[in-house]
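Raw final10.pdb, PDB, C-alpha atoms and all ligand atoms:
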ATOM      1  CA  MET A 258     -38.489 -13.023 -79.179  1.00  0.00           C
ATOM      2  CA  ARG A 259     -35.872 -15.706 -78.785  1.00  0.00           C
ATOM      3  CA  ARG A 260     -32.661 -15.615 -80.829  1.00  0.00           C
ATOM      4  CA  GLY A 261     -32.906 -19.240 -81.961  1.00  0.00           C
ATOM      5  CA  TYR A 262     -31.830 -22.519 -80.357  1.00  0.00           C
ATOM      6  CA  TYR A 263     -28.706 -23.000 -78.275  1.00  0.00           C
ATOM      7  CA  ILE A 264     -27.230 -26.492 -77.900  1.00  0.00           C
ATOM      8  CA  ALA A 265     -24.367 -26.979 -75.445  1.00  0.00           C
ATOM      9  CA  GLY A 266     -22.233 -29.986 -74.579  1.00  0.00           C
ATOM     10  CA  ASN A 267     -20.869 -30.397 -71.068  1.00  0.00           C
ATOM     11  CA  TRP A 268     -18.045 -32.917 -71.268  1.00  0.00           C
ATOM     12  CA  LYS A 269     -17.677 -33.032 -67.478  1.00  0.00           C
ATOM     13  CA  MET A 270     -14.549 -34.869 -66.241  1.00  0.00           C
ATOM     14  CA  HIS A 271     -14.172 -36.892 -69.431  1.00  0.00           C
ATOM     15  CA  LYS A 272     -11.606 -36.919 -72.230  1.00  0.00           C
ATOM     16  CA  THR A 273      -7.857 -36.683 -72.185  1.00  0.00           C
ATOM     17  CA  ARG A 274      -6.411 -33.831 -74.192  1.00  0.00           C
ATOM     18  CA  GLY A 275      -5.969 -36.096 -77.238  1.00  0.00           C
ATOM     19  CA  GLU A 276      -9.533 -37.427 -77.001  1.00  0.00           C
ATOM     20  CA  ALA A 277     -10.886 -33.901 -76.608  1.00  0.00           C
ATOM     21  CA  ILE A 278      -9.011 -32.770 -79.716  1.00  0.00           C
ATOM     22  CA  GLU A 279     -10.472 -35.669 -81.676  1.00  0.00           C
ATOM     23  CA  LEU A 280     -14.028 -34.910 -80.556  1.00  0.00           C
ATOM     24  CA  ALA A 281     -13.669 -31.164 -81.176  1.00  0.00           C
ATOM     25  CA  ALA A 282     -12.420 -31.828 -84.705  1.00  0.00           C
ATOM     26  CA  ALA A 283     -15.341 -34.184 -85.400  1.00  0.00           C
ATOM     27  CA  LEU A 284     -17.819 -31.606 -84.077  1.00  0.00           C
ATOM     28  CA  THR A 285     -16.449 -28.696 -86.099  1.00  0.00           C
ATOM     29  CA  ALA A 286     -16.811 -30.862 -89.214  1.00  0.00           C
ATOM     30  CA  GLY A 287     -20.239 -32.203 -88.214  1.00  0.00           C
ATOM     31  CA  LEU A 288     -21.697 -28.835 -87.233  1.00  0.00           C
ATOM     32  CA  LYS A 289     -20.187 -26.544 -89.823  1.00  0.00           C
ATOM     33  CA  ASP A 290     -23.517 -26.242 -91.595  1.00  0.00           C
ATOM     34  CA  GLY A 291     -25.521 -26.290 -88.320  1.00  0.00           C
ATOM     35  CA  GLU A 292     -28.087 -23.537 -87.920  1.00  0.00           C
ATOM     36  CA  HIS A 293     -28.129 -23.041 -84.174  1.00  0.00           C
ATOM     37  CA  LYS A 294     -25.844 -21.643 -81.477  1.00  0.00           C
ATOM     38  CA  TYR A 295     -23.369 -24.255 -80.226  1.00  0.00           C
ATOM     39  CA  LEU A 296     -21.023 -24.634 -77.271  1.00  0.00           C
ATOM     40  CA  VAL A 297     -18.613 -27.243 -75.989  1.00  0.00           C
ATOM     41  CA  ALA A 298     -17.344 -27.214 -72.412  1.00  0.00           C
ATOM     42  CA  PRO A 299     -14.334 -29.494 -71.991  1.00  0.00           C
ATOM     43  CA  SER A 300     -12.313 -29.956 -68.803  1.00  0.00           C
ATOM     44  CA  PHE A 301      -9.940 -27.111 -67.902  1.00  0.00           C
ATOM     45  CA  THR A 302      -7.026 -29.263 -69.065  1.00  0.00           C
ATOM     46  CA  ALA A 303      -8.343 -29.422 -72.631  1.00  0.00           C
ATOM     47  CA  LEU A 304      -9.608 -25.841 -72.980  1.00  0.00           C
ATOM     48  CA  GLU A 305      -6.598 -24.510 -74.813  1.00  0.00           C
ATOM     49  CA  ALA A 306      -6.402 -27.401 -77.275  1.00  0.00           C
ATOM     50  CA  VAL A 307     -10.144 -27.443 -77.966  1.00  0.00           C
ATOM     51  CA  GLY A 308     -10.147 -23.637 -78.175  1.00  0.00           C
ATOM     52  CA  SER A 309      -7.616 -23.709 -80.972  1.00  0.00           C
ATOM     53  CA  ILE A 310      -9.866 -26.084 -82.946  1.00  0.00           C
ATOM     54  CA  VAL A 311     -13.210 -24.319 -82.459  1.00  0.00           C
ATOM     55  CA  LYS A 312     -11.816 -20.790 -82.837  1.00  0.00           C
ATOM     56  CA  GLY A 313     -13.442 -19.069 -85.817  1.00  0.00           C
ATOM     57  CA  THR A 314     -16.126 -21.786 -86.161  1.00  0.00           C
ATOM     58  CA  ASN A 315     -19.778 -21.690 -85.086  1.00  0.00           C
ATOM     59  CA  ILE A 316     -18.915 -23.484 -81.803  1.00  0.00           C
ATOM     60  CA  LEU A 317     -18.256 -21.435 -78.669  1.00  0.00           C
ATOM     61  CA  LEU A 318     -15.734 -22.462 -76.024  1.00  0.00           C
ATOM     62  CA  GLY A 319     -17.115 -22.945 -72.518  1.00  0.00           C
ATOM     63  CA  ALA A 320     -15.758 -23.744 -69.067  1.00  0.00           C
ATOM     64  CA  GLN A 321     -17.657 -25.913 -66.596  1.00  0.00           C
ATOM     65  CA  ASP A 322     -17.056 -23.675 -63.573  1.00  0.00           C
ATOM     66  CA  VAL A 323     -14.833 -20.869 -62.261  1.00  0.00           C
ATOM     67  CA  ALA A 324     -13.508 -19.695 -58.906  1.00  0.00           C
ATOM     68  CA  SER A 325     -15.502 -17.033 -57.055  1.00  0.00           C
ATOM     69  CA  GLU A 326     -12.392 -14.886 -56.551  1.00  0.00           C
ATOM     70  CA  GLU A 327     -10.431 -13.121 -59.269  1.00  0.00           C
ATOM     71  CA  GLN A 328      -7.037 -14.474 -58.184  1.00  0.00           C
ATOM     72  CA  GLY A 329      -4.998 -15.269 -55.086  1.00  0.00           C
ATOM     73  CA  ALA A 330      -4.273 -18.081 -52.664  1.00  0.00           C
ATOM     74  CA  HIS A 331      -6.953 -20.566 -53.791  1.00  0.00           C
ATOM     75  CA  THR A 332      -5.211 -23.875 -54.338  1.00  0.00           C
ATOM     76  CA  GLY A 333      -6.849 -25.996 -56.997  1.00  0.00           C
ATOM     77  CA  GLU A 334      -9.138 -23.251 -58.323  1.00  0.00           C
ATOM     78  CA  VAL A 335      -9.187 -21.666 -61.800  1.00  0.00           C
ATOM     79  CA  SER A 336      -9.840 -17.941 -62.218  1.00  0.00           C
ATOM     80  CA  VAL A 337     -11.810 -15.830 -64.677  1.00  0.00           C
ATOM     81  CA  LEU A 338      -8.527 -14.225 -65.762  1.00  0.00           C
ATOM     82  CA  GLN A 339      -7.056 -17.594 -66.630  1.00  0.00           C
ATOM     83  CA  LEU A 340     -10.188 -18.621 -68.554  1.00  0.00           C
ATOM     84  CA  LYS A 341     -10.199 -15.342 -70.471  1.00  0.00           C
ATOM     85  CA  ASP A 342      -6.545 -15.895 -71.339  1.00  0.00           C
ATOM     86  CA  LEU A 343      -7.487 -19.241 -72.928  1.00  0.00           C
ATOM     87  CA  GLY A 344     -10.226 -17.707 -75.061  1.00  0.00           C
ATOM     88  CA  VAL A 345     -13.152 -19.085 -73.061  1.00  0.00           C
ATOM     89  CA  GLN A 346     -16.391 -17.269 -73.965  1.00  0.00           C
ATOM     90  CA  VAL A 347     -19.016 -18.914 -71.746  1.00  0.00           C
ATOM     91  CA  ILE A 348     -19.010 -20.279 -68.187  1.00  0.00           C
ATOM     92  CA  ILE A 349     -21.488 -22.873 -66.909  1.00  0.00           C
ATOM     93  CA  LEU A 350     -22.420 -22.080 -63.298  1.00  0.00           C
ATOM     94  CA  GLY A 351     -24.574 -23.754 -60.676  1.00  0.00           C
ATOM     95  CA  HIS A 352     -24.525 -27.168 -62.346  1.00  0.00           C
ATOM     96  CA  SER A 353     -26.299 -29.673 -60.086  1.00  0.00           C
ATOM     97  CA  GLU A 354     -23.040 -31.569 -59.562  1.00  0.00           C
ATOM     98  CA  ARG A 355     -21.498 -28.342 -58.223  1.00  0.00           C
ATOM     99  CA  ARG A 356     -24.567 -27.639 -56.079  1.00  0.00           C
ATOM    100  CA  HIS A 357     -25.056 -31.118 -54.659  1.00  0.00           C
ATOM    101  CA  THR A 358     -21.705 -32.941 -54.742  1.00  0.00           C
ATOM    102  CA  TYR A 359     -19.543 -29.896 -54.026  1.00  0.00           C
ATOM    103  CA  LYS A 360     -22.112 -28.087 -51.862  1.00  0.00           C
ATOM    104  CA  GLU A 361     -22.077 -24.795 -53.737  1.00  0.00           C
ATOM    105  CA  ASP A 362     -24.855 -22.621 -52.391  1.00  0.00           C
ATOM    106  CA  ASP A 363     -26.876 -19.914 -54.121  1.00  0.00           C
ATOM    107  CA  ALA A 364     -24.796 -17.080 -52.654  1.00  0.00           C
ATOM    108  CA  LEU A 365     -21.559 -18.569 -53.986  1.00  0.00           C
ATOM    109  CA  ILE A 366     -23.096 -19.237 -57.392  1.00  0.00           C
ATOM    110  CA  ASN A 367     -24.387 -15.649 -57.565  1.00  0.00           C
ATOM    111  CA  LYS A 368     -20.917 -14.352 -56.719  1.00  0.00           C
ATOM    112  CA  LYS A 369     -19.471 -16.408 -59.583  1.00  0.00           C
ATOM    113  CA  VAL A 370     -22.180 -15.209 -61.994  1.00  0.00           C
ATOM    114  CA  LYS A 371     -21.384 -11.569 -61.181  1.00  0.00           C
ATOM    115  CA  LEU A 372     -17.650 -12.098 -61.526  1.00  0.00           C
ATOM    116  CA  ALA A 373     -18.058 -13.876 -64.868  1.00  0.00           C
ATOM    117  CA  LEU A 374     -20.263 -11.056 -66.211  1.00  0.00           C
ATOM    118  CA  LYS A 375     -17.833  -8.420 -64.941  1.00  0.00           C
ATOM    119  CA  HIS A 376     -15.150 -10.059 -67.080  1.00  0.00           C
ATOM    120  CA  GLY A 377     -17.316 -10.192 -70.186  1.00  0.00           C
ATOM    121  CA  PHE A 378     -18.264 -13.879 -70.225  1.00  0.00           C
ATOM    122  CA  GLU A 379     -21.629 -15.266 -71.170  1.00  0.00           C
ATOM    123  CA  VAL A 380     -23.083 -17.518 -68.463  1.00  0.00           C
ATOM    124  CA  ILE A 381     -25.235 -20.631 -68.467  1.00  0.00           C
ATOM    125  CA  LEU A 382     -26.948 -20.651 -65.063  1.00  0.00           C
ATOM    126  CA  CYS A 383     -28.255 -24.107 -64.145  1.00  0.00           C
ATOM    127  CA  VAL A 384     -31.288 -24.588 -61.928  1.00  0.00           C
ATOM    128  CA  GLY A 385     -33.313 -27.660 -61.077  1.00  0.00           C
ATOM    129  CA  GLU A 386     -35.032 -29.655 -58.391  1.00  0.00           C
ATOM    130  CA  THR A 387     -34.125 -33.012 -56.850  1.00  0.00           C
ATOM    131  CA  LEU A 388     -36.478 -35.999 -57.041  1.00  0.00           C
ATOM    132  CA  GLU A 389     -37.485 -35.464 -53.405  1.00  0.00           C
ATOM    133  CA  GLU A 390     -38.318 -31.841 -54.099  1.00  0.00           C
ATOM    134  CA  ARG A 391     -40.350 -32.776 -57.180  1.00  0.00           C
ATOM    135  CA  GLU A 392     -42.268 -35.439 -55.272  1.00  0.00           C
ATOM    136  CA  ALA A 393     -42.991 -32.890 -52.543  1.00  0.00           C
ATOM    137  CA  GLY A 394     -44.508 -30.565 -55.165  1.00  0.00           C
ATOM    138  CA  GLN A 395     -41.652 -28.075 -54.849  1.00  0.00           C
ATOM    139  CA  ALA A 396     -40.177 -28.137 -58.355  1.00  0.00           C
ATOM    140  CA  GLU A 397     -41.416 -24.652 -59.234  1.00  0.00           C
ATOM    141  CA  VAL A 398     -40.488 -23.036 -55.961  1.00  0.00           C
ATOM    142  CA  VAL A 399     -36.962 -24.518 -56.035  1.00  0.00           C
ATOM    143  CA  CYS A 400     -36.356 -23.332 -59.610  1.00  0.00           C
ATOM    144  CA  GLU A 401     -37.809 -19.925 -58.749  1.00  0.00           C
ATOM    145  CA  SER A 402     -35.572 -19.519 -55.745  1.00  0.00           C
ATOM    146  CA  GLN A 403     -32.411 -20.666 -57.604  1.00  0.00           C
ATOM    147  CA  THR A 404     -33.227 -18.292 -60.479  1.00  0.00           C
ATOM    148  CA  ILE A 405     -33.846 -15.303 -58.205  1.00  0.00           C
ATOM    149  CA  TRP A 406     -30.685 -16.008 -56.209  1.00  0.00           C
ATOM    150  CA  GLY A 407     -28.564 -16.655 -59.280  1.00  0.00           C
ATOM    151  CA  LEU A 408     -29.634 -13.373 -60.888  1.00  0.00           C
ATOM    152  CA  SER A 409     -29.556 -11.283 -57.732  1.00  0.00           C
ATOM    153  CA  GLY A 410     -27.917  -7.892 -58.358  1.00  0.00           C
ATOM    154  CA  ILE A 411     -27.704  -8.423 -62.122  1.00  0.00           C
ATOM    155  CA  SER A 412     -28.938  -5.655 -64.415  1.00  0.00           C
ATOM    156  CA  ALA A 413     -31.383  -6.160 -67.274  1.00  0.00           C
ATOM    157  CA  ALA A 414     -28.549  -5.351 -69.699  1.00  0.00           C
ATOM    158  CA  ASP A 415     -26.367  -8.103 -68.230  1.00  0.00           C
ATOM    159  CA  VAL A 416     -29.198 -10.636 -68.222  1.00  0.00           C
ATOM    160  CA  ALA A 417     -28.886 -10.602 -72.014  1.00  0.00           C
ATOM    161  CA  LYS A 418     -25.620 -12.507 -71.507  1.00  0.00           C
ATOM    162  CA  ILE A 419     -27.301 -15.212 -69.425  1.00  0.00           C
ATOM    163  CA  THR A 420     -28.875 -18.462 -70.531  1.00  0.00           C
ATOM    164  CA  ILE A 421     -30.848 -20.463 -67.983  1.00  0.00           C
ATOM    165  CA  ALA A 422     -30.535 -24.257 -68.086  1.00  0.00           C
ATOM    166  CA  TYR A 423     -33.371 -26.143 -66.415  1.00  0.00           C
ATOM    167  CA  GLU A 424     -31.854 -29.432 -65.339  1.00  0.00           C
ATOM    168  CA  PRO A 425     -34.005 -31.577 -63.052  1.00  0.00           C
ATOM    169  CA  VAL A 426     -31.420 -33.366 -60.906  1.00  0.00           C
ATOM    170  CA  TRP A 427     -33.285 -36.673 -61.181  1.00  0.00           C
ATOM    171  CA  ALA A 428     -32.926 -36.605 -64.972  1.00  0.00           C
ATOM    172  CA  ILE A 429     -29.189 -35.926 -65.162  1.00  0.00           C
ATOM    173  CA  GLY A 430     -27.167 -38.933 -66.251  1.00  0.00           C
ATOM    174  CA  THR A 431     -30.004 -41.275 -65.229  1.00  0.00           C
ATOM    175  CA  GLY A 432     -31.594 -41.966 -68.592  1.00  0.00           C
ATOM    176  CA  LYS A 433     -34.850 -40.483 -67.213  1.00  0.00           C
ATOM    177  CA  THR A 434     -35.964 -37.470 -69.213  1.00  0.00           C
ATOM    178  CA  ALA A 435     -38.634 -35.046 -68.086  1.00  0.00           C
ATOM    179  CA  THR A 436     -41.545 -35.304 -70.506  1.00  0.00           C
ATOM    180  CA  PRO A 437     -41.550 -32.428 -72.981  1.00  0.00           C
ATOM    181  CA  GLU A 438     -44.774 -31.220 -71.298  1.00  0.00           C
ATOM    182  CA  ASP A 439     -43.300 -31.287 -67.771  1.00  0.00           C
ATOM    183  CA  ALA A 440     -40.113 -29.563 -68.898  1.00  0.00           C
ATOM    184  CA  ASP A 441     -42.071 -26.936 -70.835  1.00  0.00           C
ATOM    185  CA  ALA A 442     -44.221 -26.189 -67.782  1.00  0.00           C
ATOM    186  CA  ILE A 443     -41.150 -25.453 -65.649  1.00  0.00           C
ATOM    187  CA  HIS A 444     -39.570 -23.416 -68.448  1.00  0.00           C
ATOM    188  CA  ALA A 445     -42.768 -21.354 -68.681  1.00  0.00           C
ATOM    189  CA  TYR A 446     -42.694 -20.862 -64.924  1.00  0.00           C
ATOM    190  CA  ILE A 447     -39.050 -19.723 -64.990  1.00  0.00           C
ATOM    191  CA  ARG A 448     -39.934 -17.326 -67.811  1.00  0.00           C
ATOM    192  CA  LYS A 449     -42.676 -15.864 -65.616  1.00  0.00           C
ATOM    193  CA  VAL A 450     -40.149 -15.355 -62.826  1.00  0.00           C
ATOM    194  CA  ILE A 451     -37.855 -13.533 -65.276  1.00  0.00           C
ATOM    195  CA  ALA A 452     -40.792 -11.373 -66.431  1.00  0.00           C
ATOM    196  CA  ARG A 453     -41.478 -10.406 -62.830  1.00  0.00           C
ATOM    197  CA  LEU A 454     -37.819  -9.495 -62.293  1.00  0.00           C
ATOM    198  CA  TYR A 455     -36.961  -7.842 -65.619  1.00  0.00           C
ATOM    199  CA  GLY A 456     -40.157  -7.327 -67.630  1.00  0.00           C
ATOM    200  CA  GLN A 457     -41.845  -9.256 -70.415  1.00  0.00           C
ATOM    201  CA  SER A 458     -39.476  -8.442 -73.252  1.00  0.00           C
ATOM    202  CA  VAL A 459     -36.448  -9.781 -71.341  1.00  0.00           C
ATOM    203  CA  ALA A 460     -38.497 -12.868 -70.413  1.00  0.00           C
ATOM    204  CA  ASP A 461     -39.504 -13.380 -74.042  1.00  0.00           C
ATOM    205  CA  SER A 462     -35.928 -13.203 -75.267  1.00  0.00           C
ATOM    206  CA  ILE A 463     -34.024 -15.188 -72.611  1.00  0.00           C
ATOM    207  CA  ILE A 464     -32.905 -18.634 -73.778  1.00  0.00           C
ATOM    208  CA  ILE A 465     -33.924 -21.483 -71.472  1.00  0.00           C
ATOM    209  CA  GLN A 466     -32.192 -24.774 -72.225  1.00  0.00           C
ATOM    210  CA  TYR A 467     -33.375 -28.159 -71.000  1.00  0.00           C
ATOM    211  CA  GLY A 468     -30.841 -30.630 -69.632  1.00  0.00           C
ATOM    212  CA  GLY A 469     -31.279 -34.191 -68.414  1.00  0.00           C
ATOM    213  CA  SER A 470     -30.703 -37.275 -70.550  1.00  0.00           C
ATOM    214  CA  VAL A 471     -31.206 -35.450 -73.850  1.00  0.00           C
ATOM    215  CA  LYS A 472     -30.554 -37.894 -76.711  1.00  0.00           C
ATOM    216  CA  PRO A 473     -30.944 -37.891 -80.497  1.00  0.00           C
ATOM    217  CA  GLU A 474     -34.269 -39.739 -79.994  1.00  0.00           C
ATOM    218  CA  ASN A 475     -35.902 -37.116 -77.754  1.00  0.00           C
ATOM    219  CA  ALA A 476     -34.259 -33.844 -78.817  1.00  0.00           C
ATOM    220  CA  ALA A 477     -36.800 -32.854 -81.472  1.00  0.00           C
ATOM    221  CA  GLN A 478     -39.845 -33.446 -79.208  1.00  0.00           C
ATOM    222  CA  LEU A 479     -38.267 -31.368 -76.449  1.00  0.00           C
ATOM    223  CA  MET A 480     -37.253 -28.538 -78.808  1.00  0.00           C
ATOM    224  CA  ALA A 481     -40.757 -28.440 -80.285  1.00  0.00           C
ATOM    225  CA  LYS A 482     -42.096 -27.053 -77.022  1.00  0.00           C
ATOM    226  CA  GLU A 483     -42.771 -23.348 -76.920  1.00  0.00           C
ATOM    227  CA  ASN A 484     -40.560 -22.545 -73.955  1.00  0.00           C
ATOM    228  CA  ILE A 485     -37.651 -24.922 -74.638  1.00  0.00           C
ATOM    229  CA  ASP A 486     -34.954 -23.047 -76.532  1.00  0.00           C
ATOM    230  CA  GLY A 487     -32.085 -25.483 -76.529  1.00  0.00           C
ATOM    231  CA  ALA A 488     -30.320 -28.182 -74.580  1.00  0.00           C
ATOM    232  CA  LEU A 489     -27.458 -28.642 -72.170  1.00  0.00           C
ATOM    233  CA  VAL A 490     -26.238 -32.135 -72.936  1.00  0.00           C
ATOM    234  CA  GLY A 491     -23.964 -34.306 -70.772  1.00  0.00           C
ATOM    235  CA  GLY A 492     -23.500 -37.972 -71.703  1.00  0.00           C
ATOM    236  CA  ALA A 493     -24.652 -37.645 -75.294  1.00  0.00           C
ATOM    237  CA  SER A 494     -22.227 -34.783 -75.908  1.00  0.00           C
ATOM    238  CA  LEU A 495     -19.235 -37.112 -75.552  1.00  0.00           C
ATOM    239  CA  LYS A 496     -19.568 -38.577 -79.040  1.00  0.00           C
ATOM    240  CA  ALA A 497     -20.026 -36.730 -82.311  1.00  0.00           C
ATOM    241  CA  ASP A 498     -22.392 -39.531 -83.377  1.00  0.00           C
ATOM    242  CA  THR A 499     -24.867 -38.529 -80.684  1.00  0.00           C
ATOM    243  CA  PHE A 500     -24.168 -34.799 -80.226  1.00  0.00           C
ATOM    244  CA  VAL A 501     -24.369 -33.839 -83.904  1.00  0.00           C
ATOM    245  CA  PRO A 502     -27.898 -35.269 -84.408  1.00  0.00           C
ATOM    246  CA  ILE A 503     -29.062 -33.518 -81.217  1.00  0.00           C
ATOM    247  CA  ALA A 504     -27.460 -30.279 -82.353  1.00  0.00           C
ATOM    248  CA  LYS A 505     -29.074 -30.581 -85.778  1.00  0.00           C
ATOM    249  CA  PHE A 506     -32.414 -31.900 -84.510  1.00  0.00           C
ATOM    250  CA  ALA A 507     -35.025 -31.798 -87.228  1.00  0.00           C
TER     251      ALA A 507
HETATM  252  C1  LIG B 601     -25.644 -32.386 -67.577  1.00  0.00           C
HETATM  253  O1  LIG B 601     -24.736 -32.835 -66.937  1.00  0.00           O
HETATM  254  O2  LIG B 601     -25.756 -31.146 -67.675  1.00  0.00           O
HETATM  255  C2  LIG B 601     -26.593 -33.313 -68.185  1.00  0.00           C
HETATM  256  C3  LIG B 601     -27.733 -32.854 -68.605  1.00  0.00           C
HETATM  257  O3  LIG B 601     -26.200 -34.626 -68.272  1.00  0.00           O
HETATM  258  P1  LIG B 601     -26.937 -35.814 -69.100  1.00  0.00           P
HETATM  259  O4  LIG B 601     -27.272 -35.256 -70.456  1.00  0.00           O
HETATM  260  O5  LIG B 601     -25.935 -36.921 -69.152  1.00  0.00           O
HETATM  261  O6  LIG B 601     -28.160 -36.162 -68.326  1.00  0.00           O
END
How would this structure read if it were set down as structure tokens?
Ligand code: PEP
Amino acid sequence: MRRGYYIAGNWKMHKTRGEAIELAAALTAGLKDGEHKYLVAPSFTALEAVGSIVKGTNILLGAQDVASEEQGAHTGEVSVLQLKDLGVQVIILGHSERRHTYKEDDALINKKVKLALKHGFEVILCVGETLEEREAGQAEVVCESQTIWGLSGISAADVAKITIAYEPVWAIGTGKTATPEDADAIHAYIRKVIARLYGQSVADSIIIQYGGSVKPENAAQLMAKENIDGALVGGASLKADTFVPIAKFA
């Protein structure tokens, strides 16, 4: 069965180094008695500073993306080796902003997932449908395809290092949250896909986070659902006043 809840904050392209330090310090204080698994993913520029604050606490250090190559002539990219050097433990891959704004396709995301695992990182693999896809009745098939692609070539042993984040694109940063029932139905479907690929015990133990306008007011209802094992939080992760109550949902 699942190893408890996992609440992650994706700070996206927010926070100067000083602001990131301030938030990280507030979170380590606010979450020190928290009972779940926690992660913060600041911008690359703040990783080192935030890493020095969360090191040795119950908050993991995450990156929001990584290059698909180990090193070389890739201007503007950041490599797994550089992230490892900074103490990063988890890499978020396939976020909808990477898929849709920066046109990352499933093959590229899968390459990044494999590279991250090869270097010992945990991965949060994001999947989710657009509004158009949902309205066309394709939410399940899109999430299935992104999950299968994302995990292609990955062994059952390595899947233990992967968390899936179901993030309906229409709910990200829009204030629209999937109902707990709708989110749970997609989570259950993704779990079935994992069972088909890796067997029931892997499917029963994989953590599936929900992401999309999670707030202190809706966190508990979402987490109460059988197949929702945590949250990937964007906007509400930028302030301790909103992230801490989500992370300690009652
Ligand atoms: C996200 O970016 O992963 C996200 C879920 O954002 P928000 O919580 O702001 O919708």
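Distances here use all atoms listed in the file; by that measure, the residue among A:Gln339, A:Thr332, A:Ser325, A:Gln395 closest to A:Leu372 is A:Ser325.
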Skipping near chain neighbours, those fewer than 5 positions away, what residues fall within 9 Å of stretch 414-416 of chain A using only C-alpha atoms, listed as a compact mmCIF listing (two decimals) with C-alpha atoms, in the frame of the given file?
# COMPACT_ATOMS: atom_id res chain seq x y z
CA LEU A 374 -20.26 -11.06 -66.21
CA LEU A 408 -29.63 -13.37 -60.89
CA TYR A 455 -36.96 -7.84 -65.62
CA VAL A 459 -36.45 -9.78 -71.34
CA ILE A 463 -34.02 -15.19 -72.61
Taking only residues of chain A that have an atom at most 9 Å from an atom of ligand LIG 601 (chain B), what is each one's shortest atom pair and its distance in Å to one decimal, using all atoms listed in the file, in chain and number order, as JSON lines?
{"residue": "A:Ala265", "atom": "CA", "partner": "B:LIG601", "partner_atom": "O2", "distance": 8.9}
{"residue": "A:Gly266", "atom": "CA", "partner": "B:LIG601", "partner_atom": "O2", "distance": 7.8}
{"residue": "A:Asn267", "atom": "CA", "partner": "B:LIG601", "partner_atom": "O2", "distance": 6.0}
{"residue": "A:Trp268", "atom": "CA", "partner": "B:LIG601", "partner_atom": "O1", "distance": 8.0}
{"residue": "A:Lys269", "atom": "CA", "partner": "B:LIG601", "partner_atom": "O1", "distance": 7.1}
{"residue": "A:His352", "atom": "CA", "partner": "B:LIG601", "partner_atom": "O2", "distance": 6.8}
{"residue": "A:Ser353", "atom": "CA", "partner": "B:LIG601", "partner_atom": "O1", "distance": 7.7}
{"residue": "A:Glu354", "atom": "CA", "partner": "B:LIG601", "partner_atom": "O1", "distance": 7.7}
{"residue": "A:Cys383", "atom": "CA", "partner": "B:LIG601", "partner_atom": "O2", "distance": 8.3}
{"residue": "A:Ala422", "atom": "CA", "partner": "B:LIG601", "partner_atom": "O2", "distance": 8.4}
{"residue": "A:Glu424", "atom": "CA", "partner": "B:LIG601", "partner_atom": "C3", "distance": 6.3}
{"residue": "A:Pro425", "atom": "CA", "partner": "B:LIG601", "partner_atom": "C3", "distance": 8.5}
{"residue": "A:Val426", "atom": "CA", "partner": "B:LIG601", "partner_atom": "C3", "distance": 8.6}
{"residue": "A:Trp427", "atom": "CA", "partner": "B:LIG601", "partner_atom": "O6", "distance": 8.8}
{"residue": "A:Ala428", "atom": "CA", "partner": "B:LIG601", "partner_atom": "O6", "distance": 5.8}
{"residue": "A:Ile429", "atom": "CA", "partner": "B:LIG601", "partner_atom": "O6", "distance": 3.3}
{"residue": "A:Gly430", "atom": "CA", "partner": "B:LIG601", "partner_atom": "O6", "distance": 3.6}
{"residue": "A:Thr431", "atom": "CA", "partner": "B:LIG601", "partner_atom": "O6", "distance": 6.3}
{"residue": "A:Gly432", "atom": "CA", "partner": "B:LIG601", "partner_atom": "O6", "distance": 6.7}
{"residue": "A:Lys433", "atom": "CA", "partner": "B:LIG601", "partner_atom": "O6", "distance": 8.0}
{"residue": "A:Thr434", "atom": "CA", "partner": "B:LIG601", "partner_atom": "O6", "distance": 8.0}
{"residue": "A:Tyr467", "atom": "CA", "partner": "B:LIG601", "partner_atom": "C3", "distance": 7.7}
{"residue": "A:Gly468", "atom": "CA", "partner": "B:LIG601", "partner_atom": "C3", "distance": 4.0}
{"residue": "A:Gly469", "atom": "CA", "partner": "B:LIG601", "partner_atom": "O6", "distance": 3.7}
{"residue": "A:Ser470", "atom": "CA", "partner": "B:LIG601", "partner_atom": "O6", "distance": 3.6}
{"residue": "A:Val471", "atom": "CA", "partner": "B:LIG601", "partner_atom": "O4", "distance": 5.2}
{"residue": "A:Lys472", "atom": "CA", "partner": "B:LIG601", "partner_atom": "O4", "distance": 7.5}
{"residue": "A:Ala488", "atom": "CA", "partner": "B:LIG601", "partner_atom": "C3", "distance": 8.0}
{"residue": "A:Leu489", "atom": "CA", "partner": "B:LIG601", "partner_atom": "O2", "distance": 5.4}
{"residue": "A:Val490", "atom": "CA", "partner": "B:LIG601", "partner_atom": "O4", "distance": 4.1}
{"residue": "A:Gly491", "atom": "CA", "partner": "B:LIG601", "partner_atom": "O3", "distance": 3.4}
{"residue": "A:Gly492", "atom": "CA", "partner": "B:LIG601", "partner_atom": "O5", "distance": 3.7}
{"residue": "A:Ala493", "atom": "CA", "partner": "B:LIG601", "partner_atom": "O4", "distance": 6.0}
{"residue": "A:Ser494", "atom": "CA", "partner": "B:LIG601", "partner_atom": "O4", "distance": 7.4}
Using only C-alpha atoms, which residues of stretch 305-370 of chain A come within 6 Å of stretch 291-301 of chain A, and what is the closest atom pair for each, with the distance in Å to one decimal? Give it as JSON lines, sorted by chain and residue number.
{"residue": "A:Ile316", "atom": "CA", "partner": "A:Tyr295", "partner_atom": "CA", "distance": 4.8}
{"residue": "A:Leu317", "atom": "CA", "partner": "A:Leu296", "partner_atom": "CA", "distance": 4.5}
{"residue": "A:Leu318", "atom": "CA", "partner": "A:Val297", "partner_atom": "CA", "distance": 5.6}
{"residue": "A:Gly319", "atom": "CA", "partner": "A:Ala298", "partner_atom": "CA", "distance": 4.3}
{"residue": "A:Ala320", "atom": "CA", "partner": "A:Ala298", "partner_atom": "CA", "distance": 5.1}
{"residue": "A:Gln321", "atom": "CA", "partner": "A:Ala298", "partner_atom": "CA", "distance": 6.0}
